[in-house]
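Novice: Pasting coords-v3.txt here (compact mmCIF, N, CA and C atoms and all ligand atoms):
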# COMPACT_ATOMS: atom_id res chain seq x y z
N MET A 1 36.57 35.57 10.20
CA MET A 1 35.42 35.40 11.11
C MET A 1 34.12 35.21 10.30
N LYS A 2 33.99 36.03 9.26
CA LYS A 2 32.80 35.93 8.42
C LYS A 2 32.69 34.54 7.79
N THR A 3 33.85 34.04 7.29
CA THR A 3 33.87 32.72 6.66
C THR A 3 33.46 31.65 7.67
N PHE A 4 33.98 31.77 8.88
CA PHE A 4 33.68 30.80 9.93
C PHE A 4 32.16 30.76 10.19
N LYS A 5 31.59 31.95 10.29
CA LYS A 5 30.14 32.07 10.51
C LYS A 5 29.37 31.37 9.39
N ARG A 6 29.82 31.63 8.16
CA ARG A 6 29.15 31.04 7.00
C ARG A 6 29.21 29.52 7.05
N ILE A 7 30.38 29.01 7.39
CA ILE A 7 30.54 27.55 7.47
C ILE A 7 29.62 26.98 8.55
N MET A 8 29.57 27.68 9.70
CA MET A 8 28.71 27.21 10.80
C MET A 8 27.24 27.17 10.37
N ILE A 9 26.81 28.26 9.77
CA ILE A 9 25.40 28.34 9.33
C ILE A 9 25.12 27.27 8.28
N GLY A 10 26.07 27.12 7.35
CA GLY A 10 25.93 26.13 6.28
C GLY A 10 25.80 24.72 6.85
N SER A 11 26.67 24.35 7.78
CA SER A 11 26.61 22.97 8.28
C SER A 11 25.38 22.74 9.16
N MET A 12 24.95 23.82 9.82
CA MET A 12 23.72 23.67 10.61
C MET A 12 22.53 23.41 9.69
N ALA A 13 22.49 24.11 8.58
CA ALA A 13 21.40 23.93 7.62
C ALA A 13 21.39 22.50 7.09
N VAL A 14 22.57 21.96 6.80
CA VAL A 14 22.66 20.58 6.32
C VAL A 14 22.14 19.60 7.38
N MET A 15 22.52 19.87 8.65
CA MET A 15 22.08 18.98 9.72
C MET A 15 20.56 18.98 9.87
N VAL A 16 19.99 20.19 9.87
CA VAL A 16 18.53 20.32 10.01
C VAL A 16 17.83 19.60 8.87
N LEU A 17 18.35 19.81 7.66
CA LEU A 17 17.75 19.18 6.49
C LEU A 17 17.81 17.66 6.56
N SER A 18 18.95 17.11 6.98
CA SER A 18 19.05 15.65 6.98
C SER A 18 18.18 15.03 8.06
N VAL A 19 18.06 15.69 9.21
CA VAL A 19 17.17 15.18 10.26
C VAL A 19 15.74 15.15 9.72
N PHE A 20 15.39 16.20 9.03
CA PHE A 20 14.05 16.34 8.46
C PHE A 20 13.76 15.23 7.45
N THR A 21 14.69 14.99 6.53
CA THR A 21 14.43 13.97 5.50
C THR A 21 14.44 12.56 6.10
N LEU A 22 15.32 12.32 7.07
CA LEU A 22 15.35 10.99 7.71
C LEU A 22 14.02 10.70 8.38
N ASN A 23 13.47 11.74 9.07
CA ASN A 23 12.19 11.60 9.72
C ASN A 23 11.08 11.26 8.74
N LEU A 24 11.10 11.93 7.61
CA LEU A 24 10.08 11.69 6.59
C LEU A 24 10.16 10.25 6.09
N ALA A 25 11.39 9.75 5.92
CA ALA A 25 11.56 8.40 5.41
C ALA A 25 11.02 7.36 6.39
N ALA A 26 11.05 7.68 7.70
CA ALA A 26 10.60 6.71 8.70
C ALA A 26 9.08 6.60 8.76
N GLN A 27 8.39 7.63 8.33
CA GLN A 27 6.92 7.62 8.38
C GLN A 27 6.35 6.89 7.16
N PRO A 28 5.25 6.11 7.33
CA PRO A 28 4.62 5.58 6.13
C PRO A 28 4.02 6.76 5.34
N LYS A 29 4.32 6.81 4.05
CA LYS A 29 3.85 7.94 3.25
C LYS A 29 2.35 7.84 3.06
N PRO A 30 1.63 8.93 3.27
CA PRO A 30 0.19 8.87 3.02
C PRO A 30 -0.06 8.62 1.53
N TRP A 31 -1.02 7.76 1.25
CA TRP A 31 -1.32 7.38 -0.13
C TRP A 31 -2.67 8.00 -0.46
N VAL A 32 -2.63 9.05 -1.26
CA VAL A 32 -3.85 9.79 -1.55
C VAL A 32 -4.69 9.07 -2.60
N VAL A 33 -5.94 8.80 -2.23
CA VAL A 33 -6.87 8.12 -3.15
C VAL A 33 -7.90 9.15 -3.62
N PRO A 34 -8.10 9.27 -4.94
CA PRO A 34 -9.09 10.24 -5.45
C PRO A 34 -10.49 9.94 -4.91
N ASP A 35 -11.26 11.01 -4.68
CA ASP A 35 -12.59 10.88 -4.08
C ASP A 35 -13.52 9.94 -4.84
N ASN A 36 -13.43 9.96 -6.19
CA ASN A 36 -14.36 9.10 -6.95
C ASN A 36 -14.08 7.61 -6.70
N PHE A 37 -12.85 7.27 -6.29
CA PHE A 37 -12.56 5.88 -5.94
C PHE A 37 -13.02 5.57 -4.51
N LYS A 38 -12.80 6.55 -3.62
CA LYS A 38 -13.20 6.36 -2.21
C LYS A 38 -14.67 5.99 -2.08
N THR A 39 -15.51 6.60 -2.92
CA THR A 39 -16.95 6.41 -2.80
C THR A 39 -17.47 5.38 -3.81
N MET A 40 -16.56 4.77 -4.57
CA MET A 40 -16.99 3.82 -5.61
C MET A 40 -17.66 2.59 -5.00
N LYS A 41 -18.78 2.19 -5.60
CA LYS A 41 -19.50 1.03 -5.09
C LYS A 41 -18.85 -0.24 -5.64
N ASN A 42 -18.63 -1.20 -4.77
CA ASN A 42 -18.08 -2.50 -5.20
C ASN A 42 -19.17 -3.26 -5.97
N PRO A 43 -18.97 -3.52 -7.27
CA PRO A 43 -20.03 -4.14 -8.07
C PRO A 43 -20.12 -5.66 -7.87
N VAL A 44 -19.15 -6.26 -7.20
CA VAL A 44 -19.13 -7.72 -7.03
C VAL A 44 -19.58 -8.07 -5.61
N ALA A 45 -20.67 -8.81 -5.51
CA ALA A 45 -21.22 -9.18 -4.20
C ALA A 45 -20.24 -10.06 -3.43
N ARG A 46 -20.13 -9.79 -2.12
CA ARG A 46 -19.29 -10.64 -1.28
C ARG A 46 -19.96 -11.99 -1.09
N GLY A 47 -19.17 -13.01 -0.79
CA GLY A 47 -19.75 -14.33 -0.57
C GLY A 47 -18.78 -15.40 -1.01
N ASP A 48 -19.20 -16.65 -0.89
CA ASP A 48 -18.31 -17.78 -1.16
C ASP A 48 -17.73 -17.78 -2.58
N ALA A 49 -18.58 -17.48 -3.58
CA ALA A 49 -18.10 -17.54 -4.97
C ALA A 49 -17.01 -16.50 -5.20
N SER A 50 -17.24 -15.27 -4.71
CA SER A 50 -16.25 -14.22 -4.89
C SER A 50 -14.98 -14.52 -4.08
N ASN A 51 -15.14 -15.02 -2.87
CA ASN A 51 -13.96 -15.36 -2.05
C ASN A 51 -13.10 -16.43 -2.71
N LYS A 52 -13.77 -17.38 -3.34
CA LYS A 52 -13.04 -18.48 -3.98
C LYS A 52 -12.20 -17.95 -5.15
N ALA A 53 -12.85 -17.13 -5.98
CA ALA A 53 -12.14 -16.53 -7.12
C ALA A 53 -11.03 -15.60 -6.61
N GLY A 54 -11.35 -14.81 -5.60
CA GLY A 54 -10.38 -13.87 -5.04
C GLY A 54 -9.18 -14.58 -4.42
N MET A 55 -9.44 -15.69 -3.75
CA MET A 55 -8.35 -16.42 -3.11
C MET A 55 -7.36 -16.96 -4.14
N ALA A 56 -7.88 -17.49 -5.25
CA ALA A 56 -6.99 -18.04 -6.29
C ALA A 56 -6.12 -16.92 -6.87
N LEU A 57 -6.74 -15.78 -7.15
CA LEU A 57 -6.00 -14.65 -7.73
C LEU A 57 -5.00 -14.06 -6.74
N TYR A 58 -5.43 -13.95 -5.50
CA TYR A 58 -4.55 -13.38 -4.46
C TYR A 58 -3.34 -14.30 -4.25
N THR A 59 -3.59 -15.59 -4.17
CA THR A 59 -2.50 -16.54 -3.92
C THR A 59 -1.47 -16.49 -5.05
N LYS A 60 -1.97 -16.35 -6.27
CA LYS A 60 -1.09 -16.33 -7.43
C LYS A 60 -0.32 -15.00 -7.55
N ASN A 61 -1.01 -13.88 -7.31
CA ASN A 61 -0.41 -12.56 -7.61
C ASN A 61 0.13 -11.78 -6.42
N CYS A 62 -0.40 -12.02 -5.25
CA CYS A 62 -0.14 -11.10 -4.13
C CYS A 62 0.58 -11.74 -2.95
N ALA A 63 0.35 -13.03 -2.72
CA ALA A 63 0.84 -13.68 -1.50
C ALA A 63 2.37 -13.68 -1.40
N SER A 64 3.07 -13.62 -2.55
CA SER A 64 4.54 -13.66 -2.51
C SER A 64 5.09 -12.50 -1.68
N CYS A 65 4.42 -11.36 -1.70
CA CYS A 65 4.84 -10.23 -0.87
C CYS A 65 3.99 -10.11 0.39
N HIS A 66 2.65 -10.10 0.20
CA HIS A 66 1.76 -9.80 1.32
C HIS A 66 1.53 -10.98 2.26
N GLY A 67 1.93 -12.16 1.87
CA GLY A 67 1.73 -13.33 2.73
C GLY A 67 0.35 -13.93 2.52
N LYS A 68 0.24 -15.23 2.79
CA LYS A 68 -1.01 -15.98 2.55
C LYS A 68 -2.22 -15.34 3.19
N THR A 69 -2.04 -14.77 4.39
CA THR A 69 -3.18 -14.17 5.10
C THR A 69 -3.00 -12.67 5.28
N GLY A 70 -2.15 -12.07 4.43
CA GLY A 70 -2.04 -10.60 4.42
C GLY A 70 -1.20 -9.99 5.52
N LEU A 71 -0.45 -10.80 6.26
CA LEU A 71 0.33 -10.26 7.38
C LEU A 71 1.61 -9.56 6.93
N GLY A 72 1.94 -9.68 5.65
CA GLY A 72 3.17 -9.04 5.14
C GLY A 72 4.37 -9.96 5.26
N ASP A 73 4.11 -11.26 5.35
CA ASP A 73 5.20 -12.22 5.56
C ASP A 73 5.42 -13.14 4.35
N GLY A 74 5.20 -12.60 3.15
CA GLY A 74 5.46 -13.39 1.94
C GLY A 74 6.96 -13.60 1.74
N VAL A 75 7.31 -14.57 0.89
CA VAL A 75 8.74 -14.89 0.71
C VAL A 75 9.55 -13.71 0.16
N LYS A 76 8.88 -12.84 -0.61
CA LYS A 76 9.61 -11.71 -1.20
C LYS A 76 9.68 -10.51 -0.25
N ALA A 77 8.90 -10.53 0.81
CA ALA A 77 8.76 -9.35 1.68
C ALA A 77 10.10 -8.90 2.26
N ARG A 78 10.95 -9.84 2.61
CA ARG A 78 12.22 -9.47 3.25
C ARG A 78 13.14 -8.70 2.32
N ALA A 79 12.99 -8.91 1.02
CA ALA A 79 13.85 -8.24 0.04
C ALA A 79 13.32 -6.84 -0.31
N LEU A 80 12.14 -6.47 0.22
CA LEU A 80 11.56 -5.16 -0.11
C LEU A 80 12.09 -4.08 0.83
N LYS A 81 12.20 -2.86 0.31
CA LYS A 81 12.63 -1.74 1.14
C LYS A 81 11.43 -1.19 1.92
N GLU A 82 10.26 -1.22 1.27
CA GLU A 82 9.05 -0.68 1.88
C GLU A 82 8.34 -1.76 2.68
N SER A 83 7.57 -1.33 3.68
CA SER A 83 6.73 -2.28 4.41
C SER A 83 5.44 -2.48 3.60
N THR A 84 4.96 -3.71 3.58
CA THR A 84 3.72 -3.99 2.85
C THR A 84 2.49 -3.69 3.72
N GLY A 85 2.71 -3.46 5.00
CA GLY A 85 1.59 -3.27 5.92
C GLY A 85 1.01 -4.61 6.33
N ASP A 86 0.02 -4.55 7.22
CA ASP A 86 -0.60 -5.77 7.74
C ASP A 86 -2.09 -5.68 7.43
N PHE A 87 -2.57 -6.57 6.57
CA PHE A 87 -3.95 -6.49 6.08
C PHE A 87 -4.99 -6.94 7.12
N SER A 88 -4.53 -7.44 8.26
CA SER A 88 -5.50 -7.85 9.28
C SER A 88 -5.87 -6.67 10.19
N LYS A 89 -5.10 -5.58 10.08
CA LYS A 89 -5.24 -4.44 11.01
C LYS A 89 -6.26 -3.40 10.55
N PRO A 90 -6.81 -2.63 11.52
CA PRO A 90 -7.78 -1.58 11.17
C PRO A 90 -7.26 -0.58 10.13
N ALA A 91 -5.95 -0.23 10.17
CA ALA A 91 -5.42 0.74 9.20
C ALA A 91 -5.71 0.29 7.78
N PHE A 92 -5.79 -1.01 7.56
CA PHE A 92 -6.12 -1.55 6.24
C PHE A 92 -7.63 -1.78 6.12
N GLN A 93 -8.18 -2.51 7.08
CA GLN A 93 -9.58 -2.94 6.99
C GLN A 93 -10.58 -1.79 7.07
N ASP A 94 -10.18 -0.66 7.69
CA ASP A 94 -11.10 0.47 7.80
C ASP A 94 -11.19 1.28 6.50
N GLN A 95 -10.36 0.95 5.52
CA GLN A 95 -10.44 1.66 4.24
C GLN A 95 -11.64 1.14 3.44
N ALA A 96 -12.18 2.04 2.60
CA ALA A 96 -13.32 1.65 1.76
C ALA A 96 -12.85 0.67 0.68
N ASP A 97 -13.78 -0.15 0.17
CA ASP A 97 -13.46 -1.09 -0.91
C ASP A 97 -12.79 -0.36 -2.07
N GLY A 98 -13.32 0.81 -2.41
CA GLY A 98 -12.80 1.58 -3.54
C GLY A 98 -11.35 2.01 -3.34
N GLU A 99 -10.95 2.24 -2.09
CA GLU A 99 -9.55 2.63 -1.81
C GLU A 99 -8.61 1.45 -2.07
N LEU A 100 -9.02 0.26 -1.64
CA LEU A 100 -8.19 -0.94 -1.86
C LEU A 100 -8.14 -1.26 -3.35
N PHE A 101 -9.27 -1.06 -4.02
CA PHE A 101 -9.35 -1.28 -5.46
C PHE A 101 -8.38 -0.33 -6.18
N TYR A 102 -8.43 0.95 -5.82
CA TYR A 102 -7.58 1.96 -6.45
C TYR A 102 -6.09 1.64 -6.25
N LYS A 103 -5.71 1.30 -5.02
CA LYS A 103 -4.29 1.03 -4.72
C LYS A 103 -3.80 -0.20 -5.47
N THR A 104 -4.66 -1.21 -5.59
CA THR A 104 -4.28 -2.43 -6.32
C THR A 104 -4.13 -2.12 -7.80
N LYS A 105 -5.05 -1.34 -8.31
CA LYS A 105 -5.04 -1.02 -9.73
C LYS A 105 -3.85 -0.14 -10.11
N SER A 106 -3.54 0.85 -9.26
CA SER A 106 -2.53 1.83 -9.67
C SER A 106 -1.12 1.56 -9.14
N GLY A 107 -0.99 0.81 -8.05
CA GLY A 107 0.33 0.52 -7.51
C GLY A 107 1.09 1.76 -7.07
N ARG A 108 2.24 1.54 -6.44
CA ARG A 108 3.11 2.66 -6.03
C ARG A 108 4.45 2.07 -5.59
N GLY A 109 5.53 2.62 -6.09
CA GLY A 109 6.85 2.14 -5.68
C GLY A 109 7.00 0.64 -5.92
N GLU A 110 7.26 -0.11 -4.85
CA GLU A 110 7.48 -1.56 -5.00
C GLU A 110 6.18 -2.34 -5.16
N MET A 111 5.08 -1.68 -4.91
CA MET A 111 3.77 -2.32 -5.10
C MET A 111 3.42 -2.24 -6.58
N PRO A 112 3.35 -3.41 -7.26
CA PRO A 112 3.10 -3.39 -8.71
C PRO A 112 1.74 -2.79 -9.05
N LYS A 113 1.65 -2.33 -10.28
CA LYS A 113 0.39 -1.78 -10.79
C LYS A 113 -0.33 -2.92 -11.50
N TYR A 114 -1.60 -3.16 -11.18
CA TYR A 114 -2.32 -4.28 -11.80
C TYR A 114 -3.28 -3.85 -12.90
N GLU A 115 -3.29 -2.56 -13.18
CA GLU A 115 -4.10 -2.08 -14.29
C GLU A 115 -3.58 -2.72 -15.57
N GLY A 116 -4.46 -3.33 -16.35
CA GLY A 116 -4.04 -3.98 -17.58
C GLY A 116 -3.56 -5.42 -17.36
N LYS A 117 -3.32 -5.80 -16.08
CA LYS A 117 -2.90 -7.18 -15.80
C LYS A 117 -4.07 -7.98 -15.23
N LEU A 118 -4.89 -7.31 -14.44
CA LEU A 118 -6.07 -7.98 -13.87
C LEU A 118 -7.32 -7.19 -14.28
N ALA A 119 -8.38 -7.91 -14.64
CA ALA A 119 -9.64 -7.26 -14.99
C ALA A 119 -10.23 -6.62 -13.72
N ASP A 120 -11.03 -5.57 -13.89
CA ASP A 120 -11.61 -4.89 -12.73
C ASP A 120 -12.36 -5.86 -11.81
N ASP A 121 -13.18 -6.74 -12.38
CA ASP A 121 -13.94 -7.67 -11.54
C ASP A 121 -13.03 -8.60 -10.75
N ASP A 122 -11.89 -8.94 -11.33
CA ASP A 122 -10.93 -9.78 -10.61
C ASP A 122 -10.35 -9.02 -9.42
N ILE A 123 -10.07 -7.73 -9.62
CA ILE A 123 -9.56 -6.92 -8.50
C ILE A 123 -10.63 -6.83 -7.39
N TRP A 124 -11.90 -6.65 -7.79
CA TRP A 124 -12.98 -6.60 -6.78
C TRP A 124 -13.07 -7.93 -6.04
N ASN A 125 -12.90 -9.05 -6.75
CA ASN A 125 -12.92 -10.35 -6.07
C ASN A 125 -11.79 -10.43 -5.04
N ILE A 126 -10.62 -9.90 -5.41
CA ILE A 126 -9.48 -9.90 -4.47
C ILE A 126 -9.80 -9.00 -3.26
N VAL A 127 -10.40 -7.83 -3.54
CA VAL A 127 -10.77 -6.92 -2.44
C VAL A 127 -11.71 -7.66 -1.48
N ASN A 128 -12.71 -8.35 -2.03
CA ASN A 128 -13.64 -9.11 -1.17
C ASN A 128 -12.89 -10.16 -0.35
N TYR A 129 -11.97 -10.86 -1.01
CA TYR A 129 -11.22 -11.91 -0.31
C TYR A 129 -10.34 -11.31 0.81
N MET A 130 -9.75 -10.14 0.55
CA MET A 130 -8.87 -9.52 1.55
C MET A 130 -9.64 -9.13 2.82
N ARG A 131 -10.97 -9.00 2.70
CA ARG A 131 -11.81 -8.72 3.88
C ARG A 131 -11.81 -9.90 4.86
N THR A 132 -11.50 -11.11 4.35
CA THR A 132 -11.50 -12.28 5.24
C THR A 132 -10.24 -12.29 6.14
N PHE A 133 -9.30 -11.37 5.88
CA PHE A 133 -8.07 -11.31 6.71
C PHE A 133 -8.30 -10.55 8.01
N LYS A 134 -9.45 -9.89 8.10
CA LYS A 134 -9.74 -9.06 9.28
C LYS A 134 -9.78 -9.93 10.53
N LYS A 135 -9.13 -9.45 11.59
CA LYS A 135 -9.12 -10.24 12.84
C LYS A 135 -10.13 -9.69 13.82
C1 LIG B 1 6.44 -7.25 -5.17
C2 LIG B 1 5.70 -7.18 -3.94
C3 LIG B 1 4.20 -6.96 -3.97
C4 LIG B 1 3.24 -7.67 -4.68
C5 LIG B 1 3.44 -8.85 -5.59
C6 LIG B 1 1.98 -7.06 -4.32
N1 LIG B 1 2.16 -6.01 -3.45
FE1 LIG B 1 0.71 -4.84 -2.63
N2 LIG B 1 2.11 -3.72 -1.69
C7 LIG B 1 3.47 -3.94 -1.75
C8 LIG B 1 4.15 -2.87 -1.02
C9 LIG B 1 5.66 -2.73 -0.84
C10 LIG B 1 3.14 -2.01 -0.53
C11 LIG B 1 3.33 -0.69 0.23
C12 LIG B 1 3.43 0.39 -0.83
C13 LIG B 1 3.50 1.80 -0.31
O1 LIG B 1 2.97 2.09 0.78
O2 LIG B 1 4.04 2.64 -1.03
C14 LIG B 1 1.87 -2.57 -0.97
C15 LIG B 1 0.64 -2.02 -0.69
C16 LIG B 1 -0.58 -2.55 -1.04
C17 LIG B 1 -1.88 -1.99 -0.70
C18 LIG B 1 -2.12 -0.75 0.15
C19 LIG B 1 -2.09 -1.16 1.61
C20 LIG B 1 -2.57 -0.10 2.57
O3 LIG B 1 -2.38 -0.34 3.80
O4 LIG B 1 -3.16 0.89 2.19
C21 LIG B 1 -2.83 -2.81 -1.25
C22 LIG B 1 -4.34 -2.65 -1.18
C23 LIG B 1 -2.13 -3.87 -1.93
N3 LIG B 1 -0.77 -3.68 -1.79
C24 LIG B 1 -2.76 -4.90 -2.60
C25 LIG B 1 -2.08 -5.86 -3.36
C26 LIG B 1 -2.75 -6.85 -4.16
C27 LIG B 1 -4.25 -7.03 -4.20
C28 LIG B 1 -1.78 -7.56 -4.81
C29 LIG B 1 -1.95 -8.68 -5.82
C30 LIG B 1 -2.91 -8.48 -6.90
C31 LIG B 1 -0.48 -7.02 -4.39
N4 LIG B 1 -0.72 -5.99 -3.51
C32 LIG B 1 0.75 -7.48 -4.81
C33 LIG B 1 4.11 -4.99 -2.39
C34 LIG B 1 3.51 -5.91 -3.21
Please, can you express the file's structure as structure tokens?

Specialist:
Amino acid sequence: MKTFKRIMIGSMAVMVLSVFTLNLAAQPKPWVVPDNFKTMKNPVARGDASNKAGMALYTKNCASCHGKTGLGDGVKARALKESTGDFSKPAFQDQADGELFYKTKSGRGEMPKYEGKLADDDIWNIVNYMRTFKK
């Protein structure tokens, strides 16, 4: 009887745990951005010149996953396990410039890290260009 009880308790614990982890996997994981990045001032002025530079860099480096207009429909997107999100939506556009800069620079999981691959000003140009995706 004791053994039976132990088995019951054990399998219940496994069930509870797996439901818990499955649920976590379904939620987009919060991406914590350090405060100094959140409040960082974008040193590159928005405008045609920055958009032009940003568009060239974005098309070359980012569109394969994020799609030409940031909708997440790039050719590589289907092969990814993670969702790239939709850059036209408030969840993206309501973030500060510094948050987008930080995420681009540091990457996470399937999102590549661009630190050392793109100069800071180039990342700011891309951030400015990504603002044009807002609907
Ligand atoms: C290989 C595919 C891939 C490429 C290339 C790529 N990304 Fe991503 N990106 C992702 C994925 C996947 C996520 C979601 C990551 C996560 O939430 O853990 C993401 C997330 C992001 C985010 C955070 C979005 C949010 O809603 O907070 C930003 C900003 C971003 N990418 C910018 C860029 C920029 C800029 C480039 C090009 C310089 C780029 N990405 C290139 C796959 C990619």

Novice: Rounded to one decimal, what separation in Å do you get between atom CA of Lys68 of chain A and atom C of Glu110 of chain A?

Specialist: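 So the two atoms, atom CA of Lys68 of chain A and atom C of Glu110 of chain A, lie 17.2 Å apart.
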
Novice: For ligand LIG 1 (chain B), list the contacting residues at 7 Å or closer, counting only C-alpha atoms and all ligand atoms, as a PyMOL selection string.

Specialist: chain A and resi 28-29+31+57-58+61-66+76-77+80+82-87+91-92+100-101+103-104+108-112+114+123+126-127

Novice: If we count all atoms listed in the file, what is near Ala53 of chain A at a cut-off of 8 Å, once residues fewer than 3 positions away on the same chain are taken out, given as a PDB file with N, CA and C atoms, keeping the file's coordinate frame?

Specialist:
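Written out: out.pdb:
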ATOM      1  N   GLY A  47     -19.170 -13.010  -0.790  1.00  0.00           N
ATOM      2  CA  GLY A  47     -19.750 -14.330  -0.570  1.00  0.00           C
ATOM      3  C   GLY A  47     -18.780 -15.400  -1.010  1.00  0.00           C
ATOM      4  N   ASP A  48     -19.200 -16.650  -0.890  1.00  0.00           N
ATOM      5  CA  ASP A  48     -18.310 -17.780  -1.160  1.00  0.00           C
ATOM      6  C   ASP A  48     -17.730 -17.780  -2.580  1.00  0.00           C
ATOM      7  N   ALA A  49     -18.580 -17.480  -3.580  1.00  0.00           N
ATOM      8  CA  ALA A  49     -18.100 -17.540  -4.970  1.00  0.00           C
ATOM      9  C   ALA A  49     -17.010 -16.500  -5.200  1.00  0.00           C
ATOM     10  N   SER A  50     -17.240 -15.270  -4.710  1.00  0.00           N
ATOM     11  CA  SER A  50     -16.250 -14.220  -4.890  1.00  0.00           C
ATOM     12  C   SER A  50     -14.980 -14.520  -4.080  1.00  0.00           C
ATOM     13  N   ALA A  56      -7.880 -17.490  -5.250  1.00  0.00           N
ATOM     14  CA  ALA A  56      -6.990 -18.040  -6.290  1.00  0.00           C
ATOM     15  C   ALA A  56      -6.120 -16.920  -6.870  1.00  0.00           C
ATOM     16  N   LEU A  57      -6.740 -15.780  -7.150  1.00  0.00           N
ATOM     17  CA  LEU A  57      -6.000 -14.650  -7.730  1.00  0.00           C
ATOM     18  C   LEU A  57      -5.000 -14.060  -6.740  1.00  0.00           C
ATOM     19  N   TYR A  58      -5.430 -13.950  -5.500  1.00  0.00           N
ATOM     20  CA  TYR A  58      -4.550 -13.380  -4.460  1.00  0.00           C
ATOM     21  C   TYR A  58      -3.340 -14.300  -4.250  1.00  0.00           C
ATOM     22  N   THR A  59      -3.590 -15.590  -4.170  1.00  0.00           N
ATOM     23  CA  THR A  59      -2.500 -16.540  -3.920  1.00  0.00           C
ATOM     24  C   THR A  59      -1.470 -16.490  -5.050  1.00  0.00           C
ATOM     25  N   ASP A 122     -11.890  -8.940 -11.330  1.00  0.00           N
ATOM     26  CA  ASP A 122     -10.930  -9.780 -10.610  1.00  0.00           C
ATOM     27  C   ASP A 122     -10.350  -9.020  -9.420  1.00  0.00           C
ATOM     28  N   TRP A 124     -11.900  -6.650  -7.790  1.00  0.00           N
ATOM     29  CA  TRP A 124     -12.980  -6.600  -6.780  1.00  0.00           C
ATOM     30  C   TRP A 124     -13.070  -7.930  -6.040  1.00  0.00           C
ATOM     31  N   ASN A 125     -12.900  -9.050  -6.750  1.00  0.00           N
ATOM     32  CA  ASN A 125     -12.920 -10.350  -6.070  1.00  0.00           C
ATOM     33  C   ASN A 125     -11.790 -10.430  -5.040  1.00  0.00           C
ATOM     34  N   ILE A 126     -10.620  -9.900  -5.410  1.00  0.00           N
ATOM     35  CA  ILE A 126      -9.480  -9.900  -4.470  1.00  0.00           C
ATOM     36  C   ILE A 126      -9.800  -9.000  -3.260  1.00  0.00           C
ATOM     37  N   TYR A 129     -11.970 -10.860  -1.010  1.00  0.00           N
ATOM     38  CA  TYR A 129     -11.220 -11.910  -0.310  1.00  0.00           C
ATOM     39  C   TYR A 129     -10.340 -11.310   0.810  1.00  0.00           C
TER      40      TYR A 129
END

Novice: Around all the atoms of segment 75-93 of chain A listed in the file, with 8 Å of room on each side, what axis-aligned box do you get, giving centre and edge lengths in Å to one decimal, as lines of an AutoDock Vina configuration file?

Specialist:
center_x = 1.6
center_y = -7.1
center_z = 5.2
size_x = 40.4
size_y = 31.6
size_z = 28.7

Novice: Quick one, how far is atom CA of Gly70 of chain A from atom N of Gln93 of chain A?

Specialist: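 Rounded to one decimal, the two atoms are 10.5 Å apart.
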
Novice: Can you work out the spacing between atom CA of Pro90 of chain A and atom CA of Ala119 of chain A in Å, to one decimal?

Specialist: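 If I compute the distance from atom CA of Pro90 of chain A to atom CA of Ala119 of chain A, I get 26.8 Å.
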
Novice: Report as a PyMOL selection string all protein, DNA and RNA residues lying within 6.5 Å of Lys38 of chain A, evaluated on only N, CA and C atoms, omitting residues in the same chain fewer than 4 positions from it.

Specialist: chain A and resi 33-34+96+98-99

Novice: Mind dumping the selected residues with N, CA and C atoms as a compact mmCIF listing (two decimals), in the frame of the given file?

Specialist:
# COMPACT_ATOMS: atom_id res chain seq x y z
N VAL A 33 -5.94 8.80 -2.23
CA VAL A 33 -6.87 8.12 -3.15
C VAL A 33 -7.90 9.15 -3.62
N PRO A 34 -8.10 9.27 -4.94
CA PRO A 34 -9.09 10.24 -5.45
C PRO A 34 -10.49 9.94 -4.91
N ALA A 96 -12.18 2.04 2.60
CA ALA A 96 -13.32 1.65 1.76
C ALA A 96 -12.85 0.67 0.68
N GLY A 98 -13.32 0.81 -2.41
CA GLY A 98 -12.80 1.58 -3.54
C GLY A 98 -11.35 2.01 -3.34
N GLU A 99 -10.95 2.24 -2.09
CA GLU A 99 -9.55 2.63 -1.81
C GLU A 99 -8.61 1.45 -2.07

Novice: If DSSP is run on the backbone, what residues of segment 10-123 of chain A are helix (DSSP H, G or I)? A reply as a PyMOL selection string would be ideal.

Specialist: chain A and resi 10-26+35-38+48-61+63-66+77-79+90-93+97-106+120-123

Novice: I need the residues of segment 1-134 of chain A that end up classed as strand (DSSP E or B) by DSSP on the backbone, written out as a PyMOL selection string.

Specialist: chain A and resi 108+111+115+118

Novice: Check the smallest atom-to-atom distance from each of A:Lys89, A:Lys52, A:Arg78, A:Lys105 to Asn128 of chain A using only C-alpha atoms, then report the winner.

Specialist: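 Nearest to Asn128 of chain A: A:Lys52.
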
Novice: Using only C-alpha atoms, can you tell me which of A:Asp35, A:Gly107, A:Pro43, A:Phe133 comes closest to Gly72 of chain A?

Specialist: A:Phe133
